[in-house]
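Text of input-v5.cif (mmCIF, C-alpha atoms and all ligand atoms) as supplied:
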```cif
data_my_file
#
loop_
_atom_site.label_atom_id
_atom_site.label_comp_id
_atom_site.auth_asym_id
_atom_site.auth_seq_id
_atom_site.Cartn_x
_atom_site.Cartn_y
_atom_site.Cartn_z
CA MET A 1173 6.34 -22.77 1.34
CA LEU A 1174 4.56 -22.38 -2.00
CA THR A 1175 4.80 -24.32 -5.23
CA PRO A 1176 6.28 -22.45 -8.21
CA GLU A 1177 2.76 -22.21 -9.66
CA GLU A 1178 1.35 -20.74 -6.42
CA ASN A 1179 4.16 -18.20 -6.18
CA LYS A 1180 3.41 -17.12 -9.73
CA LEU A 1181 -0.32 -16.97 -9.02
CA VAL A 1182 0.03 -14.80 -5.92
CA THR A 1183 2.65 -12.38 -7.26
CA GLU A 1184 1.76 -11.68 -10.91
CA ILE A 1185 -0.70 -8.79 -11.22
CA GLY A 1186 -0.56 -7.79 -14.88
CA PRO A 1187 -3.60 -7.70 -17.20
CA ASP A 1188 -5.34 -11.06 -17.61
CA THR A 1189 -3.54 -12.76 -14.73
CA PRO A 1190 -5.78 -14.22 -11.99
CA MET A 1191 -4.36 -11.92 -9.29
CA GLY A 1192 -4.39 -8.96 -11.67
CA ASP A 1193 -8.07 -9.58 -12.36
CA LEU A 1194 -8.76 -9.80 -8.62
CA PHE A 1195 -7.01 -6.50 -7.87
CA ARG A 1196 -8.95 -4.87 -10.72
CA ARG A 1197 -12.17 -5.60 -8.84
CA PHE A 1198 -11.22 -2.97 -6.21
CA TRP A 1199 -10.77 0.80 -6.19
CA VAL A 1200 -7.01 1.35 -5.98
CA PRO A 1201 -4.94 4.47 -5.22
CA VAL A 1202 -3.41 5.81 -8.43
CA PHE A 1203 -2.20 9.33 -7.54
CA HIS A 1204 -1.80 11.56 -4.54
CA ALA A 1205 -4.44 14.31 -4.84
CA ARG A 1206 -1.72 16.96 -5.01
CA GLU A 1207 -0.49 15.44 -8.29
CA LEU A 1208 -3.61 16.60 -10.13
CA VAL A 1209 -4.74 19.82 -8.49
CA ASP A 1210 -5.16 22.42 -11.23
CA PRO A 1211 -7.69 22.35 -14.07
CA ASP A 1212 -5.73 22.22 -17.33
CA GLY A 1213 -2.59 21.47 -15.30
CA ALA A 1214 0.14 19.10 -16.41
CA PRO A 1215 -1.05 15.50 -16.83
CA ALA A 1216 0.42 12.93 -14.43
CA ARG A 1217 1.83 9.61 -15.52
CA THR A 1218 2.28 6.40 -13.59
CA ARG A 1219 2.35 2.65 -13.90
CA LEU A 1220 -0.35 0.71 -12.10
CA LEU A 1221 -0.88 -3.08 -12.09
CA GLY A 1222 1.57 -3.36 -14.99
CA GLU A 1223 -0.20 -0.76 -17.15
CA HIS A 1224 0.88 2.73 -18.13
CA ILE A 1225 -1.69 5.27 -16.97
CA VAL A 1226 -2.16 8.99 -17.54
CA GLY A 1227 -4.31 11.22 -15.36
CA PHE A 1228 -5.51 14.76 -15.97
CA ARG A 1229 -7.92 17.32 -14.56
CA ASP A 1230 -9.82 19.12 -17.29
CA THR A 1231 -10.91 22.74 -17.54
CA SER A 1232 -14.14 21.98 -15.67
CA GLY A 1233 -12.28 20.23 -12.83
CA ARG A 1234 -13.28 16.70 -13.90
CA LEU A 1235 -10.68 13.96 -13.49
CA GLY A 1236 -9.77 11.52 -16.24
CA ILE A 1237 -7.69 8.34 -15.94
CA LEU A 1238 -6.71 6.91 -19.34
CA GLU A 1239 -4.51 4.19 -20.69
CA ALA A 1240 -1.39 6.19 -21.54
CA ALA A 1241 -1.05 4.81 -25.08
CA CYS A 1242 -2.91 6.95 -27.61
CA PRO A 1243 -5.37 4.76 -29.56
CA HIS A 1244 -4.00 6.20 -32.83
CA ARG A 1245 -0.31 5.18 -32.83
CA GLY A 1246 0.45 4.46 -29.18
CA VAL A 1247 2.18 7.71 -28.29
CA ASP A 1248 2.23 8.38 -24.55
CA LEU A 1249 -0.58 10.84 -23.85
CA SER A 1250 1.23 12.28 -20.82
CA TYR A 1251 3.35 14.21 -23.36
CA GLY A 1252 0.17 15.83 -24.65
CA VAL A 1253 -1.50 19.15 -23.92
CA ASN A 1254 -4.31 19.50 -21.37
CA GLU A 1255 -6.58 22.22 -22.77
CA GLU A 1256 -10.25 23.19 -23.08
CA ASN A 1257 -11.78 20.11 -21.50
CA GLY A 1258 -9.57 17.57 -23.19
CA LEU A 1259 -6.12 16.03 -23.43
CA ARG A 1260 -4.58 16.49 -26.87
CA CYS A 1261 -2.04 13.93 -28.06
CA GLY A 1262 1.36 15.46 -28.78
CA ARG A 1263 1.89 13.62 -32.06
CA CYS A 1264 -1.05 14.23 -34.42
CA GLY A 1265 -3.31 16.21 -32.14
CA TRP A 1266 -6.25 13.91 -31.47
CA LYS A 1267 -8.00 15.26 -28.40
CA PHE A 1268 -9.77 13.13 -25.76
CA ASP A 1269 -12.21 14.05 -23.02
CA VAL A 1270 -12.22 12.43 -19.55
CA GLU A 1271 -14.48 9.67 -20.85
CA GLY A 1272 -12.20 8.84 -23.76
CA ASN A 1273 -14.38 10.40 -26.45
CA ILE A 1274 -12.51 12.09 -29.27
CA LEU A 1275 -13.28 15.81 -29.43
CA ASP A 1276 -11.02 16.79 -32.27
CA MET A 1277 -9.00 15.15 -35.07
CA PRO A 1278 -7.04 17.86 -36.87
CA TYR A 1279 -6.23 17.32 -40.56
CA GLU A 1280 -8.30 14.10 -40.61
CA PRO A 1281 -10.58 14.03 -43.69
CA ASP A 1282 -12.91 11.38 -42.25
CA ALA A 1283 -12.92 12.78 -38.73
CA GLU A 1284 -16.65 12.69 -38.19
CA SER A 1285 -17.08 8.97 -38.67
CA LEU A 1286 -13.80 8.06 -36.94
CA MET A 1287 -14.78 10.06 -33.89
CA LYS A 1288 -17.89 7.91 -33.57
CA THR A 1289 -16.01 4.63 -33.60
CA ILE A 1290 -12.70 5.23 -31.79
CA LYS A 1291 -12.35 5.85 -28.05
CA ALA A 1292 -9.43 6.02 -25.66
CA VAL A 1293 -9.39 3.39 -22.90
CA THR A 1294 -10.55 5.03 -19.67
CA TYR A 1295 -10.91 3.83 -16.09
CA GLY A 1296 -13.22 4.73 -13.25
CA VAL A 1297 -11.91 7.60 -11.14
CA GLN A 1298 -12.77 9.37 -7.91
CA GLU A 1299 -10.99 11.64 -5.45
CA TRP A 1300 -11.35 10.85 -1.77
CA GLY A 1301 -9.29 11.00 1.40
CA GLY A 1302 -6.40 12.91 -0.16
CA LEU A 1303 -5.93 10.33 -2.92
CA ILE A 1304 -7.14 9.79 -6.47
CA TRP A 1305 -8.51 6.29 -6.96
CA ALA A 1306 -8.89 4.24 -10.12
CA TYR A 1307 -11.16 1.35 -10.92
CA MET A 1308 -9.75 -0.80 -13.71
CA GLY A 1309 -12.26 -3.64 -13.69
CA PRO A 1310 -15.29 -4.42 -15.83
CA LYS A 1311 -17.68 -1.50 -16.19
CA GLU A 1312 -20.67 -3.62 -15.17
CA GLU A 1313 -19.17 -4.30 -11.74
CA SER A 1314 -19.21 -1.43 -9.29
CA PRO A 1315 -17.16 -1.96 -6.17
CA GLU A 1316 -17.64 0.13 -3.04
CA ARG A 1317 -14.96 2.54 -1.95
CA PRO A 1318 -13.03 1.24 1.07
CA GLU A 1319 -14.28 3.50 3.86
CA PHE A 1320 -11.05 3.89 5.79
CA GLU A 1321 -11.27 6.04 8.88
CA TRP A 1322 -8.54 8.37 7.60
CA GLY A 1323 -10.50 9.07 4.42
CA GLN A 1324 -13.48 10.34 6.41
CA LEU A 1325 -11.46 12.93 8.35
CA PRO A 1326 -10.73 16.58 7.54
CA GLU A 1327 -7.59 16.96 5.44
CA ASP A 1328 -5.54 18.48 8.29
CA HIS A 1329 -5.98 15.32 10.37
CA ARG A 1330 -3.78 13.27 8.05
CA TYR A 1331 -0.46 13.24 6.23
CA ILE A 1332 0.11 11.08 3.15
CA SER A 1333 3.34 10.31 1.35
CA LYS A 1334 4.27 7.69 -1.21
CA PHE A 1335 7.43 5.99 -2.38
CA VAL A 1336 8.60 3.11 -4.53
CA GLN A 1337 9.67 -0.19 -3.03
CA GLU A 1338 11.77 -2.16 -5.48
CA CYS A 1339 10.15 -5.56 -5.11
CA ASN A 1340 6.86 -7.35 -5.58
CA TYR A 1341 3.91 -6.00 -3.59
CA LEU A 1342 3.59 -9.20 -1.56
CA GLN A 1343 6.98 -8.83 0.09
CA GLY A 1344 6.09 -5.43 1.49
CA LEU A 1345 2.60 -6.53 2.44
CA GLU A 1346 3.92 -9.59 4.26
CA GLY A 1347 6.35 -7.36 6.14
CA GLY A 1348 3.38 -5.19 7.09
CA ILE A 1349 1.61 -8.05 8.86
CA ASP A 1350 4.67 -9.69 10.35
CA SER A 1351 3.97 -8.43 13.85
CA SER A 1352 6.11 -11.02 15.56
CA ARG A 1353 9.26 -9.61 13.96
CA ILE A 1354 8.66 -5.94 14.78
CA SER A 1355 10.27 -6.18 18.17
CA PHE A 1356 13.36 -7.83 16.76
CA LEU A 1357 13.82 -5.06 14.20
CA TYR A 1358 13.33 -2.48 16.90
CA ASP A 1359 15.90 -4.22 19.04
CA MET A 1360 18.36 -4.24 16.16
CA LEU A 1361 18.12 -0.50 15.90
CA PHE A 1362 17.79 0.72 19.42
CA GLY A 1363 18.86 -2.12 21.68
CA ASP A 1364 22.07 -4.04 22.04
CA PRO A 1365 23.16 -6.14 19.07
CA PRO A 1366 21.86 -9.72 19.31
CA THR A 1367 24.10 -12.36 20.83
CA VAL A 1368 24.26 -16.07 20.09
CA GLU A 1369 22.29 -16.85 23.26
CA THR A 1370 19.56 -14.26 22.88
CA THR A 1371 18.81 -14.69 19.19
CA ALA A 1372 17.53 -18.18 19.98
CA ASP A 1373 14.71 -16.55 21.93
CA HIS A 1374 12.15 -14.03 20.88
CA LEU A 1375 13.16 -10.59 22.05
CA VAL A 1376 11.13 -7.63 23.07
CA GLN A 1377 11.95 -4.04 23.70
CA GLY A 1378 10.99 -3.00 27.21
CA ILE A 1379 9.09 0.19 27.89
CA GLU A 1380 12.13 1.73 29.55
CA GLY A 1381 14.27 0.95 26.55
CA THR A 1382 16.03 -1.99 28.17
CA ARG A 1383 16.30 -5.31 26.44
CA LYS A 1384 14.55 -8.21 28.13
CA LYS A 1385 14.31 -11.86 27.38
CA GLU A 1386 10.76 -12.69 26.53
CA LYS A 1387 9.00 -15.81 27.73
CA SER A 1388 7.01 -16.20 24.57
CA GLN A 1389 5.41 -14.31 21.75
CA SER A 1390 2.70 -15.77 19.61
CA VAL A 1391 0.66 -14.63 16.63
CA SER A 1392 -2.98 -15.50 16.09
CA ILE A 1393 -5.40 -14.51 13.35
CA LYS A 1394 -9.10 -14.05 12.84
CA THR A 1395 -10.83 -14.01 9.45
CA THR A 1396 -12.92 -10.87 8.97
CA ASP A 1397 -15.03 -9.20 6.28
CA TYR A 1398 -12.06 -7.05 5.24
CA GLY A 1399 -9.39 -9.77 5.37
CA LEU A 1400 -7.54 -10.72 8.54
CA MET A 1401 -7.10 -9.43 12.04
CA VAL A 1402 -3.55 -10.24 13.14
CA ALA A 1403 -2.80 -10.25 16.87
CA ALA A 1404 0.62 -10.74 18.43
CA SER A 1405 0.60 -11.46 22.15
CA ILE A 1406 3.69 -10.92 24.24
CA ASP A 1407 3.82 -13.03 27.39
CA GLU A 1408 6.35 -11.88 29.96
CA GLY A 1409 5.01 -13.99 32.79
CA GLN A 1410 2.86 -11.19 34.23
CA GLU A 1411 -0.89 -11.16 34.98
CA THR A 1412 -1.53 -9.38 31.71
CA ASN A 1413 -0.07 -9.59 28.22
CA ASP A 1414 0.64 -6.78 25.77
CA TRP A 1415 -1.06 -7.31 22.43
CA GLN A 1416 -0.37 -5.76 19.09
CA VAL A 1417 -3.42 -5.89 16.83
CA ASN A 1418 -3.06 -5.08 13.13
CA GLN A 1419 -5.12 -5.69 10.04
CA TRP A 1420 -4.58 -6.94 6.53
CA MET A 1421 -7.33 -5.61 4.30
CA MET A 1422 -8.10 -6.95 0.84
CA PRO A 1423 -6.28 -6.77 -1.39
CA PHE A 1424 -3.08 -4.96 -0.26
CA TYR A 1425 -3.60 -2.73 2.80
CA THR A 1426 -2.04 -3.17 6.22
CA THR A 1427 -2.20 -1.13 9.40
CA PRO A 1428 1.05 -0.33 11.24
CA LYS A 1429 1.20 -0.29 15.02
CA PRO A 1430 -0.19 2.90 16.60
CA GLU A 1431 2.33 5.67 17.19
CA GLY A 1432 2.61 7.92 20.21
CA ASP A 1433 -0.01 10.52 21.12
CA GLY A 1434 -2.86 8.74 19.37
CA LEU A 1435 -1.46 8.75 15.83
CA LEU A 1436 -2.65 5.88 13.66
CA GLY A 1437 -1.76 4.74 10.18
CA CYS A 1438 -2.45 2.72 7.08
CA LEU A 1439 -0.17 1.35 4.36
CA ALA A 1440 -1.24 0.58 0.79
CA TRP A 1441 1.16 -1.73 -1.08
CA VAL A 1442 -0.02 -0.89 -4.60
CA PRO A 1443 1.65 -2.88 -7.39
CA VAL A 1444 3.36 -0.78 -10.04
CA ASP A 1445 4.21 -4.00 -11.88
CA ASP A 1446 5.37 -7.43 -10.74
CA LYS A 1447 8.72 -6.11 -9.49
CA ASN A 1448 7.91 -2.68 -8.06
CA THR A 1449 5.41 -1.34 -5.57
CA MET A 1450 4.11 2.15 -4.89
CA VAL A 1451 3.66 2.36 -1.13
CA TYR A 1452 1.15 4.94 0.12
CA VAL A 1453 1.70 5.81 3.77
CA ILE A 1454 -1.11 7.48 5.68
CA THR A 1455 -0.57 8.82 9.18
CA TYR A 1456 -3.55 10.41 10.93
CA HIS A 1457 -5.07 11.48 14.17
CA PRO A 1458 -8.75 10.55 14.51
CA ASN A 1459 -9.66 13.42 16.83
CA ARG A 1460 -7.55 16.45 16.00
CA PRO A 1461 -5.42 18.08 13.28
CA MET A 1462 -1.85 16.88 13.19
CA THR A 1463 0.53 19.35 14.80
CA GLU A 1464 3.17 21.30 12.91
CA GLU A 1465 5.83 19.25 14.64
CA GLU A 1466 4.20 15.95 13.70
CA LEU A 1467 3.97 17.07 10.08
CA GLU A 1468 7.49 18.45 9.89
CA THR A 1469 8.96 15.27 11.37
CA ARG A 1470 7.30 13.17 8.69
CA LYS A 1471 8.12 15.53 5.84
CA ALA A 1472 11.75 15.22 6.93
CA GLY A 1473 11.67 11.41 6.63
CA GLY A 1474 10.47 10.45 10.09
CA GLY A 1475 8.00 7.79 11.20
CA ASN A 1476 6.84 5.60 8.33
CA HIS A 1477 7.62 8.26 5.70
CA PRO A 1478 11.10 7.62 4.26
CA GLU A 1479 13.17 10.50 2.95
CA LEU A 1480 12.97 10.79 -0.86
CA ASN A 1481 15.24 12.10 -3.59
CA GLU A 1482 13.84 15.51 -4.39
CA GLY A 1483 11.12 15.56 -7.04
CA THR A 1484 10.89 11.75 -7.16
CA TYR A 1485 9.28 8.87 -5.32
CA LYS A 1486 12.61 7.08 -4.99
CA ARG A 1487 13.87 6.67 -1.45
CA LYS A 1488 17.05 8.53 -0.65
CA ARG A 1489 18.53 5.37 0.84
CA ASN A 1490 17.92 2.91 -1.98
CA LYS A 1491 19.16 -0.31 -3.53
CA GLU A 1492 21.35 1.56 -6.03
CA ASN A 1493 23.42 3.33 -3.38
CA GLY A 1494 23.52 0.37 -1.00
CA TYR A 1495 21.05 2.23 1.26
CA MET A 1496 23.99 4.46 2.26
CA ILE A 1497 24.79 1.95 4.97
CA GLU A 1498 27.92 2.51 6.98
CA ARG A 1499 28.44 -0.59 9.04
CA LYS A 1500 29.66 -0.37 12.59
CA THR A 1501 31.72 -3.18 14.02
CA SER A 1502 30.27 -2.98 17.51
CA GLY A 1503 27.51 -1.44 19.59
CA ALA A 1504 23.89 -0.80 18.78
CA ASN A 1505 22.40 -0.43 15.33
CA PRO A 1506 24.93 -2.05 13.00
CA LEU A 1507 23.09 -0.54 10.02
CA ALA A 1508 23.77 2.89 11.43
CA THR A 1509 22.36 5.06 8.66
CA ILE A 1510 18.91 3.46 8.64
CA SER A 1511 17.17 5.34 11.34
CA ASN A 1512 13.91 3.55 11.93
CA GLU A 1513 12.43 0.09 11.95
CA PHE A 1514 10.03 0.75 9.08
CA GLU A 1515 12.77 1.77 6.68
CA LEU A 1516 14.91 -1.16 7.80
CA ALA A 1517 12.00 -3.51 7.05
CA LEU A 1518 11.76 -2.05 3.51
CA VAL A 1519 15.46 -2.75 2.97
CA LEU A 1520 15.20 -6.32 4.19
CA GLU A 1521 12.13 -6.98 1.99
CA GLU A 1522 14.03 -5.69 -1.05
CA SER A 1523 17.03 -7.83 -0.10
CA MET A 1524 14.97 -10.95 -0.90
CA GLY A 1525 15.08 -10.02 -4.62
CA ALA A 1526 12.38 -8.59 -6.87
CA ILE A 1527 10.16 -11.68 -6.41
CA VAL A 1528 11.29 -13.96 -3.64
CA ASP A 1529 11.35 -17.69 -4.37
CA ARG A 1530 8.77 -18.96 -1.89
CA THR A 1531 9.46 -22.58 -2.84
CA LYS A 1532 12.57 -22.47 -0.67
CA GLU A 1533 11.32 -20.79 2.49
CA GLN A 1534 10.78 -22.50 5.84
CA LEU A 1535 7.94 -20.78 7.66
CA ASP A 1536 7.27 -21.17 11.37
CA PRO A 1537 4.02 -20.99 13.40
CA ASN A 1538 4.38 -17.22 13.90
CA ASP A 1539 4.12 -16.83 10.12
CA ILE A 1540 0.47 -17.87 10.31
CA ALA A 1541 -0.80 -14.47 9.12
CA ILE A 1542 1.46 -14.60 6.08
CA MET A 1543 0.31 -18.11 5.20
CA GLU A 1544 -3.36 -17.22 5.59
CA THR A 1545 -3.08 -13.97 3.62
CA ARG A 1546 -1.57 -15.85 0.68
CA ARG A 1547 -4.24 -18.53 0.94
CA ILE A 1548 -7.08 -15.99 0.91
CA LEU A 1549 -5.57 -14.04 -1.99
CA MET A 1550 -5.06 -17.17 -4.09
CA LYS A 1551 -8.49 -18.58 -3.27
CA SER A 1552 -10.15 -15.24 -4.10
CA ALA A 1553 -8.33 -15.07 -7.44
CA ILE A 1554 -9.36 -18.63 -8.34
CA ASP A 1555 -12.93 -18.05 -7.13
CA LEU A 1556 -13.13 -14.97 -9.33
CA ARG A 1557 -12.03 -17.01 -12.34
CA GLU A 1558 -14.87 -19.35 -11.50
CA GLY A 1559 -17.39 -16.53 -11.27
CA THR A 1560 -17.44 -15.50 -7.59
CA GLU A 1561 -16.78 -11.81 -6.99
CA PRO A 1562 -14.66 -10.82 -3.94
CA ALA A 1563 -17.06 -9.88 -1.12
CA ALA A 1564 -14.70 -7.26 0.38
CA ALA A 1565 -14.91 -5.20 -2.82
CA HIS A 1566 -18.61 -4.70 -2.06
CA ASN A 1567 -18.27 -4.01 1.65
CA GLY A 1568 -16.59 -0.63 1.99
CA ALA A 1569 -17.78 -0.18 5.58
CA ALA A 1570 -15.68 -3.17 6.67
CA TYR A 1571 -12.50 -1.12 6.13
CA ASN A 1572 -13.33 1.28 8.97
CA VAL A 1573 -10.98 -0.38 11.50
CA ARG A 1574 -7.90 0.57 13.49
CA ALA A 1575 -4.75 -1.06 14.73
CA SER A 1576 -4.50 -1.12 18.53
CA SER A 1577 -2.25 -2.14 21.40
CA PRO A 1578 -4.54 -3.57 24.12
CA VAL A 1579 -3.42 -5.04 27.42
CA LEU A 1580 -5.39 -8.20 28.18
CA LYS A 1581 -5.47 -10.89 30.86
CA ARG A 1582 -2.80 -13.47 30.36
CA ASP A 1583 -5.23 -16.20 29.35
CA ALA A 1584 -7.04 -14.05 26.77
CA SER A 1585 -7.29 -15.24 23.20
CA ILE A 1586 -7.87 -13.42 19.94
CA ASP A 1587 -11.59 -14.00 20.49
CA GLN A 1588 -11.44 -11.33 23.23
CA VAL A 1589 -9.79 -8.88 20.84
CA GLU A 1590 -12.12 -6.69 18.84
CA ASP A 1591 -11.38 -4.33 16.05
CA LYS A 1592 -11.28 -0.97 17.78
CA PRO A 1593 -14.80 0.45 17.59
CA ILE A 1594 -14.77 3.66 15.63
CA PRO A 1595 -17.41 6.33 16.26
CA GLU A 1596 -19.71 7.19 13.40
CA ARG A 1597 -18.82 10.39 11.61
CA GLU A 1598 -21.16 12.86 10.00
S1 LIG B 1601 -0.40 9.07 -32.00
FE1 LIG B 1601 -1.85 10.19 -30.89
S2 LIG B 1601 -2.91 11.33 -32.32
FE2 LIG B 1601 -1.50 10.22 -33.50
#
```
Let me see whether you can do it: turn the structure in this file into structure tokens.
Ligand code: FES
Amino acid sequence: MLTPEENKLVTEIGPDTPMGDLFRRFWVPVFHARELVDPDGAPARTRLLGEHIVGFRDTSGRLGILEAACPHRGVDLSYGVNEENGLRCGRCGWKFDVEGNILDMPYEPDAESLMKTIKAVTYGVQEWGGLIWAYMGPKEESPERPEFEWGQLPEDHRYISKFVQECNYLQGLEGGIDSSRISFLYDMLFGDPPTVETTADHLVQGIEGTRKKEKSQSVSIKTTDYGLMVAASIDEGQETNDWQVNQWMMPFYTTPKPEGDGLLGCLAWVPVDDKNTMVYVITYHPNRPMTEEELETRKAGGGNHPELNEGTYKRKRNKENGYMIERKTSGANPLATISNEFELALVLEESMGAIVDRTKEQLDPNDIAIMETRRILMKSAIDLREGTEPAAAHNGAAYNVRASSPVLKRDASIDQVEDKPIPERE
């Protein structure tokens, strides 16, 4: 449970808010690389951390990320023309280069002196790992890029999609580290519907697809340089326990559980504003290109890549259309049209409202990762206000970690769990 002030602190990410300032100390994904491919191509527009942003690739191939409002009269520069190494505003024709300098001011009698004094607001930009990244913090700070494993791989080893989740970033992020609930969601979809007796216990999906009563399931955490390691241990009374190890990485990344055939993933819960999130989903194989079948499945809405309305980042099954749910009165999967646990989790996170009231919640011990993530975020935001920069923003190498599913002796603790060692790449 949080106080109203804490809930505000941890969820509000606009300019000049403590959490907004913290997030602006990191490189953050702003566009998929395919949104800005061609020199002099159409500019791309988005909203990031509560600010309108325009991106363009100039004639020379350089990327520019600008505040969308033209410094002259505030017209949205994404309606402008990208030509000859600059983006020209559609209203009166001022033209800006990727660094915000004014190159041209048609019909302006005092152009020469104005061009020396006026600049568009620009942000740091780089392209890496199939994404375009922005840095919106103070120019004198220079954070390191988070060196995710998937970013270091050849392009054909990964698939990236993105979509909007209609709620605050923290709801999605907290769903991403809520390992103890994954098995229940899975059971909802592919097992028998819960009964009064069984819902009182934790449930786990057996390997053979049969539902079993679990003896216990517990979540433990370890503080790391990147954020938190989150480990859920499932004890079925055997000599060994199955573990699910995931990560929360500052400020808004989580790793989903590994998929079949060695596929791994990463989720970035990037705030659009306080009430919407752009979720970047990365699926990758560390050792080989993804197969045609793996790619086609995901392009069709499989795995952690929800189906979208064509030409948009809005999910096909969305809040507006009631997620196209057709309820069944009996049998498995009462929410029949939601076909996987990830998409169901998105729905349930949105069902809490745009910003859930955390003053009313009743957390239990298995919510320890959620509690600690909030605590670290809030402490980091307050520390920054008091002059301490977030260490993770200057430790890109720390992000080179994987989720894993180890089997460990029954008496093992999180101290025996290590972040999967990742081989060095050239
Ligand atoms: S509003 Fe952009 S040039 Fe006038």
Could you state the separation of atom S2 of ligand LIG 1601 (chain B) and atom CA of A:His1204 in Å, given to one decimal place?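 The value is 27.8 Å.
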Pick the closest to A:Val1579 from A:Glu1465, A:Asn1413, A:Gly1262, A:Lys1471: which is it, counting only C-alpha atoms? A:Asn1413
Given 6 Å on each side, where is the centre and what are the edge lengths in Å to one decimal of the axis-aligned box enclosing the listed atoms of stretch 1261-1269 of chain A, as AutoDock Vina command-line options?
```
--center_x -5.2 --center_y 14.7 --center_z -28.7 --size_x 26.1 --size_y 15.1 --size_z 23.4
```
Distance limit 9 Å, reference ligand LIG 1601 (chain B), atoms considered: all atoms listed in the file. Which residues make the cut? Give them as an mmCIF file with C-alpha atoms, keeping the file's coordinate frame.
```
data_model
loop_
_atom_site.group_PDB
_atom_site.id
_atom_site.type_symbol
_atom_site.label_atom_id
_atom_site.label_comp_id
_atom_site.auth_asym_id
_atom_site.auth_seq_id
_atom_site.Cartn_x
_atom_site.Cartn_y
_atom_site.Cartn_z
ATOM 1 C CA ALA A 1241 -1.050 4.810 -25.080
ATOM 2 C CA CYS A 1242 -2.910 6.950 -27.610
ATOM 3 C CA PRO A 1243 -5.370 4.760 -29.560
ATOM 4 C CA HIS A 1244 -4.000 6.200 -32.830
ATOM 5 C CA ARG A 1245 -0.310 5.180 -32.830
ATOM 6 C CA GLY A 1246 0.450 4.460 -29.180
ATOM 7 C CA VAL A 1247 2.180 7.710 -28.290
ATOM 8 C CA ASP A 1248 2.230 8.380 -24.550
ATOM 9 C CA LEU A 1249 -0.580 10.840 -23.850
ATOM 10 C CA GLY A 1252 0.170 15.830 -24.650
ATOM 11 C CA ARG A 1260 -4.580 16.490 -26.870
ATOM 12 C CA CYS A 1261 -2.040 13.930 -28.060
ATOM 13 C CA GLY A 1262 1.360 15.460 -28.780
ATOM 14 C CA ARG A 1263 1.890 13.620 -32.060
ATOM 15 C CA CYS A 1264 -1.050 14.230 -34.420
ATOM 16 C CA GLY A 1265 -3.310 16.210 -32.140
ATOM 17 C CA TRP A 1266 -6.250 13.910 -31.470
ATOM 18 C CA LYS A 1267 -8.000 15.260 -28.400
ATOM 19 C CA MET A 1277 -9.000 15.150 -35.070
ATOM 20 C CA PRO A 1278 -7.040 17.860 -36.870
#
```
Using only C-alpha atoms, determine which residues lie at most 6 Å from A:Asn1538, disregarding the query and same-chain residues fewer than 2 positions distant; provide the list as a ChimeraX atom specification. /A:1391,1536,1540
Using all atoms listed in the file, find the one residue out of A:Arg1546, A:Arg1489, A:Lys1180, A:Arg1206 that sits nearest to A:Met1422.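 When distances to A:Met1422 are compared using all atoms listed in the file, the smallest one comes from A:Arg1546.
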